[in-house]
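Undergrad: Have a look at this one.
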Amino acid sequence: MTDLRTGRVVRVDAKVCHVEVDGEVLLASPRGSLFEELEGRKNPIAVGDLVEISLDGDPVGIERVLERRNYLGRRASSHDPREQVLVANVDQLFVVGSLAQPGFSSNRTDRILAACCWHEIPAHLVLNKIDLAREGELGRIRATYEAIPIDVIETCAKDGRGVDELAAAMAGKVSVFYGASGAGKSTLLNRMQPGLDIREGKVSKYWKAGRHTTSHSQLHALDSGGWAIDTPGIRVFRLHELRRCDVRDLFPDFEPFQTNCKFPNCTHDHEPDCAVFDAVDAEELAASRYSSYLEMLEEVDPETALDEDAPPSDDE
Ligand SMILES: Nc1nc2c(ncn2[C@@H]2O[C@H](COP(=O)(O)OP(=O)(O)O)[C@@H](O)[C@H]2O)c(=O)[nH]1
Ligand SMILES: [Mg+2]
Ligand SMILES: [Zn+2]
């Protein structure tokens, strides 16, 4: 009889998955049958999945993926419309944005916040590298995101400011770290728990240069009882099969204004008497949020959805 055990996927490589079973990490390869049940998805298994594995066989085999409580997915790339599942079974996501080197990107932040809204994953914003902030910048960004509302945590991974606050928000939960390459995700995690020893800075530049080397998400157990998933940089996060009418619901800060638009189904991009447009004009709503919205709206328009000139990869 096969000895079936349940484990948690902590990392996915091209051919094998790293699965934690009773405190031990085993290499396991997915059974071929898992690739026959994809139904439009690109990958059968993601970091965070709970799986059943059979211990006989070398490497051991993943027989089944247990039902997901939630997941975060995106359109695989501009040229591949399939859905790629990035992580599964998570409690929350931290968007890590740095204030400089690289500079803060509203567009990147707004896209992932919209994706979290779509997948119903609670999200927070971490503003890292506050030691490099320009006068007034921190307050402006904070105000924009608190209006959504989103919790904002200011950190400096370099000297440790704000790291305790971040660690407290992560205790006992499965947290995803998402952000531009270089924002400081690995440095923050290493500072929180020095033993984690995640590759940082200079070495990650080496990984960036070699586009075809493995860039993977990895789930780390924390001493606080929680888990952290460090993800590789994704340049453009696009949702899979989003419809035009869905986009406005992914911007909760528009809600108090859009009830006053002349047309109840207003898309806020061309209609007369649009209260969202007026709110941006009156600086009651951040112009950066509105332009992120318009960009996402345009992408899902059937006439503009196909972008033949897009670069081959959306990953960093
Ligand atoms: N000045 C400053 N540099 C930081 C801070 N956090 C991280 N860094 C540096 O930013 C670079 C990229 O950090 P890393 O953690 O690898 O970013 P990741 O790609 O998001 O994992 C490294 O050289 C870090 O030392 C910070 O708060 N302030
Ligand atoms: Mg990193
Ligand atoms: Zn409107």
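In the structure tokens, the first chain shown is A, the next is B, and so on; residue numbers restart at 1 for each chain, and ligands run from 1 in the order shown.
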For ligand 3, list the contacting residues at 8 Å or closer, counting only C-alpha atoms and all ligand atoms, as a ChimeraX atom specification.

TA: /A:258,260-263,265-269,271-277

Undergrad: Deliver the residues from the most recent selection as a file, using all heavy atoms, as a short mmCIF file (atom, residue, chain, number, x, y, z; two decimals), in the first residue's frame.

TA:
```
data_model
loop_
_atom_site.label_atom_id
_atom_site.label_comp_id
_atom_site.auth_asym_id
_atom_site.auth_seq_id
_atom_site.Cartn_x
_atom_site.Cartn_y
_atom_site.Cartn_z
N GLN A 258 -17.87 57.56 -6.94
CA GLN A 258 -18.54 57.05 -8.14
C GLN A 258 -20.05 56.88 -7.98
O GLN A 258 -20.77 56.80 -8.97
CB GLN A 258 -17.87 55.79 -8.68
CG GLN A 258 -18.06 54.52 -7.91
CD GLN A 258 -17.15 53.41 -8.46
OE1 GLN A 258 -16.36 53.63 -9.38
NE2 GLN A 258 -17.26 52.22 -7.90
N ASN A 260 -21.81 59.17 -7.26
CA ASN A 260 -22.35 60.44 -7.78
C ASN A 260 -22.13 60.65 -9.28
O ASN A 260 -22.43 61.72 -9.80
CB ASN A 260 -21.71 61.62 -7.03
CG ASN A 260 -22.06 61.58 -5.55
OD1 ASN A 260 -23.18 61.21 -5.18
ND2 ASN A 260 -21.11 61.91 -4.70
N CYS A 261 -21.57 59.65 -9.97
CA CYS A 261 -21.43 59.78 -11.42
C CYS A 261 -22.82 59.80 -12.05
O CYS A 261 -23.75 59.18 -11.54
CB CYS A 261 -20.64 58.61 -11.99
SG CYS A 261 -18.90 58.62 -11.51
N LYS A 262 -22.94 60.51 -13.17
CA LYS A 262 -24.25 60.61 -13.83
C LYS A 262 -24.79 59.23 -14.24
O LYS A 262 -25.94 58.92 -14.05
CB LYS A 262 -24.12 61.51 -15.07
CG LYS A 262 -25.42 61.70 -15.81
CD LYS A 262 -25.27 62.68 -16.95
CE LYS A 262 -26.58 62.87 -17.68
NZ LYS A 262 -26.40 63.72 -18.87
N PHE A 263 -23.87 58.41 -14.80
CA PHE A 263 -24.29 57.08 -15.22
C PHE A 263 -23.86 56.04 -14.19
O PHE A 263 -22.68 56.02 -13.80
CB PHE A 263 -23.67 56.73 -16.59
CG PHE A 263 -24.06 57.70 -17.66
CD1 PHE A 263 -23.17 58.68 -18.08
CD2 PHE A 263 -25.33 57.64 -18.22
CE1 PHE A 263 -23.54 59.58 -19.06
CE2 PHE A 263 -25.70 58.54 -19.20
CZ PHE A 263 -24.81 59.53 -19.63
N ASN A 265 -23.20 52.99 -14.45
CA ASN A 265 -22.15 52.08 -14.93
C ASN A 265 -20.96 52.86 -15.51
O ASN A 265 -20.24 52.37 -16.38
CB ASN A 265 -22.71 51.11 -15.97
CG ASN A 265 -23.29 51.85 -17.17
OD1 ASN A 265 -23.45 53.08 -17.14
ND2 ASN A 265 -23.60 51.11 -18.22
N CYS A 266 -20.77 54.07 -15.04
CA CYS A 266 -19.71 54.95 -15.54
C CYS A 266 -18.34 54.27 -15.44
O CYS A 266 -17.99 53.68 -14.43
CB CYS A 266 -19.72 56.24 -14.70
SG CYS A 266 -18.57 57.49 -15.27
N THR A 267 -17.57 54.33 -16.53
CA THR A 267 -16.22 53.75 -16.48
C THR A 267 -15.18 54.83 -16.15
O THR A 267 -13.99 54.55 -16.08
CB THR A 267 -15.83 53.08 -17.82
OG1 THR A 267 -15.86 54.07 -18.85
CG2 THR A 267 -16.76 51.93 -18.15
N HIS A 268 -15.63 56.03 -15.96
CA HIS A 268 -14.79 57.17 -15.56
C HIS A 268 -13.73 57.54 -16.60
O HIS A 268 -12.73 58.15 -16.26
CB HIS A 268 -14.10 56.93 -14.21
CG HIS A 268 -14.95 56.22 -13.19
ND1 HIS A 268 -16.23 56.60 -12.91
CD2 HIS A 268 -14.70 55.15 -12.38
CE1 HIS A 268 -16.74 55.79 -11.96
NE2 HIS A 268 -15.82 54.91 -11.64
N ASP A 269 -13.89 57.12 -17.83
CA ASP A 269 -12.85 57.54 -18.79
C ASP A 269 -13.34 58.45 -19.89
O ASP A 269 -12.54 59.11 -20.53
CB ASP A 269 -12.09 56.33 -19.33
CG ASP A 269 -12.82 55.62 -20.44
OD1 ASP A 269 -14.05 55.51 -20.36
OD2 ASP A 269 -12.18 55.15 -21.38
N GLU A 271 -17.20 59.44 -19.94
CA GLU A 271 -18.59 59.85 -19.71
C GLU A 271 -18.68 61.28 -19.16
O GLU A 271 -17.81 61.71 -18.41
CB GLU A 271 -19.26 58.89 -18.70
CG GLU A 271 -19.39 57.46 -19.20
CD GLU A 271 -18.18 56.58 -18.87
OE1 GLU A 271 -17.09 57.13 -18.58
OE2 GLU A 271 -18.32 55.36 -18.92
N PRO A 272 -19.76 62.00 -19.52
CA PRO A 272 -19.96 63.33 -18.94
C PRO A 272 -20.37 63.23 -17.46
O PRO A 272 -20.85 62.18 -17.04
CB PRO A 272 -21.09 63.92 -19.78
CG PRO A 272 -21.83 62.74 -20.34
CD PRO A 272 -20.82 61.63 -20.48
N ASP A 273 -20.16 64.30 -16.72
CA ASP A 273 -20.55 64.37 -15.30
C ASP A 273 -20.03 63.18 -14.50
O ASP A 273 -20.79 62.51 -13.79
CB ASP A 273 -22.08 64.50 -15.15
CG ASP A 273 -22.60 65.79 -15.78
OD1 ASP A 273 -21.83 66.77 -15.80
OD2 ASP A 273 -23.76 65.79 -16.24
N CYS A 274 -18.74 62.93 -14.63
CA CYS A 274 -18.12 61.82 -13.90
C CYS A 274 -17.55 62.36 -12.59
O CYS A 274 -16.64 63.20 -12.57
CB CYS A 274 -17.02 61.20 -14.75
SG CYS A 274 -15.99 60.04 -13.84
N ALA A 275 -18.07 61.86 -11.48
CA ALA A 275 -17.67 62.37 -10.16
C ALA A 275 -16.25 61.93 -9.79
O ALA A 275 -15.58 62.60 -9.01
CB ALA A 275 -18.66 61.90 -9.11
N VAL A 276 -15.80 60.81 -10.36
CA VAL A 276 -14.43 60.36 -10.10
C VAL A 276 -13.45 61.32 -10.76
O VAL A 276 -12.48 61.78 -10.15
CB VAL A 276 -14.22 58.91 -10.58
CG1 VAL A 276 -12.74 58.52 -10.57
CG2 VAL A 276 -15.01 57.94 -9.71
N PHE A 277 -13.73 61.65 -12.00
CA PHE A 277 -12.88 62.61 -12.71
C PHE A 277 -12.85 63.95 -11.96
O PHE A 277 -11.78 64.55 -11.76
CB PHE A 277 -13.39 62.80 -14.15
CG PHE A 277 -12.49 63.68 -14.96
CD1 PHE A 277 -11.38 63.16 -15.61
CD2 PHE A 277 -12.72 65.06 -15.03
CE1 PHE A 277 -10.52 63.98 -16.33
CE2 PHE A 277 -11.87 65.89 -15.74
CZ PHE A 277 -10.77 65.36 -16.39
#
```

Undergrad: What residues of the protein or nucleic acid chains come within 6 Å of ligand 1 when you use only C-alpha atoms and all ligand atoms? Reply as a count of residues only.

TA: 15

Undergrad: Which residues come within 6 Å of stretch 110-125 of chain A, counting only C-alpha atoms, excluding same-chain residues fewer than 4 positions away, as a PyMOL selection string?

TA: chain A and resi 92-95+106+150-152+250

Undergrad: So what do you get for atom CA of A:Leu50 versus atom CA of A:Ala14, distance-wise?

TA: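 Interatomic distance, atom CA of A:Leu50 to atom CA of A:Ala14: 18.4 Å.
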
Undergrad: Run DSSP on the backbone and give me the residues of stretch 100-141 of chain A it puts in alpha helix (DSSP H), as a list in words.

TA: Ser106, Asn107, Arg108, Thr109, Asp110, Arg111, Ile112, Leu113, Ala114, Ala115, Cys116, Cys117, Trp118, Glu137, Leu138, Gly139, Arg140 and Ile141 of chain A

Undergrad: A:Gly23: which residues within 12 Å, counting only C-alpha atoms, same-chain residues fewer than 4 positions away excluded, as a tab-separated table (two decimals) with N, CA, C and O atoms, in the first residue's frame?

TA:
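As a result, out_12.tsv now contains:
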```tsv
chain	number	residue	atom	x	y	z
A	6	THR	N	0.70	14.32	3.82
A	6	THR	CA	0.36	15.68	3.41
A	6	THR	C	1.52	16.62	3.75
A	6	THR	O	2.09	16.54	4.83
A	7	GLY	N	1.87	17.48	2.79
A	7	GLY	CA	2.95	18.43	3.02
A	7	GLY	C	2.62	19.78	2.43
A	7	GLY	O	1.60	19.94	1.74
A	8	ARG	N	3.49	20.75	2.68
A	8	ARG	CA	3.29	22.11	2.17
A	8	ARG	C	4.43	22.44	1.20
A	8	ARG	O	5.61	22.24	1.53
A	10	VAL	N	7.12	24.48	-0.44
A	10	VAL	CA	7.87	25.67	-0.03
A	10	VAL	C	8.64	26.30	-1.19
A	10	VAL	O	9.07	27.45	-1.11
A	19	VAL	N	8.98	20.12	-0.75
A	19	VAL	CA	7.77	19.97	0.05
A	19	VAL	C	8.15	19.70	1.51
A	19	VAL	O	8.95	18.81	1.79
A	220	HIS	N	9.31	30.61	3.75
A	220	HIS	CA	10.22	30.42	4.88
A	220	HIS	C	9.43	30.38	6.17
A	220	HIS	O	8.56	31.22	6.39
A	221	ALA	N	9.76	29.42	7.02
A	221	ALA	CA	9.13	29.37	8.34
A	221	ALA	C	9.81	30.39	9.24
A	221	ALA	O	11.03	30.53	9.22
```
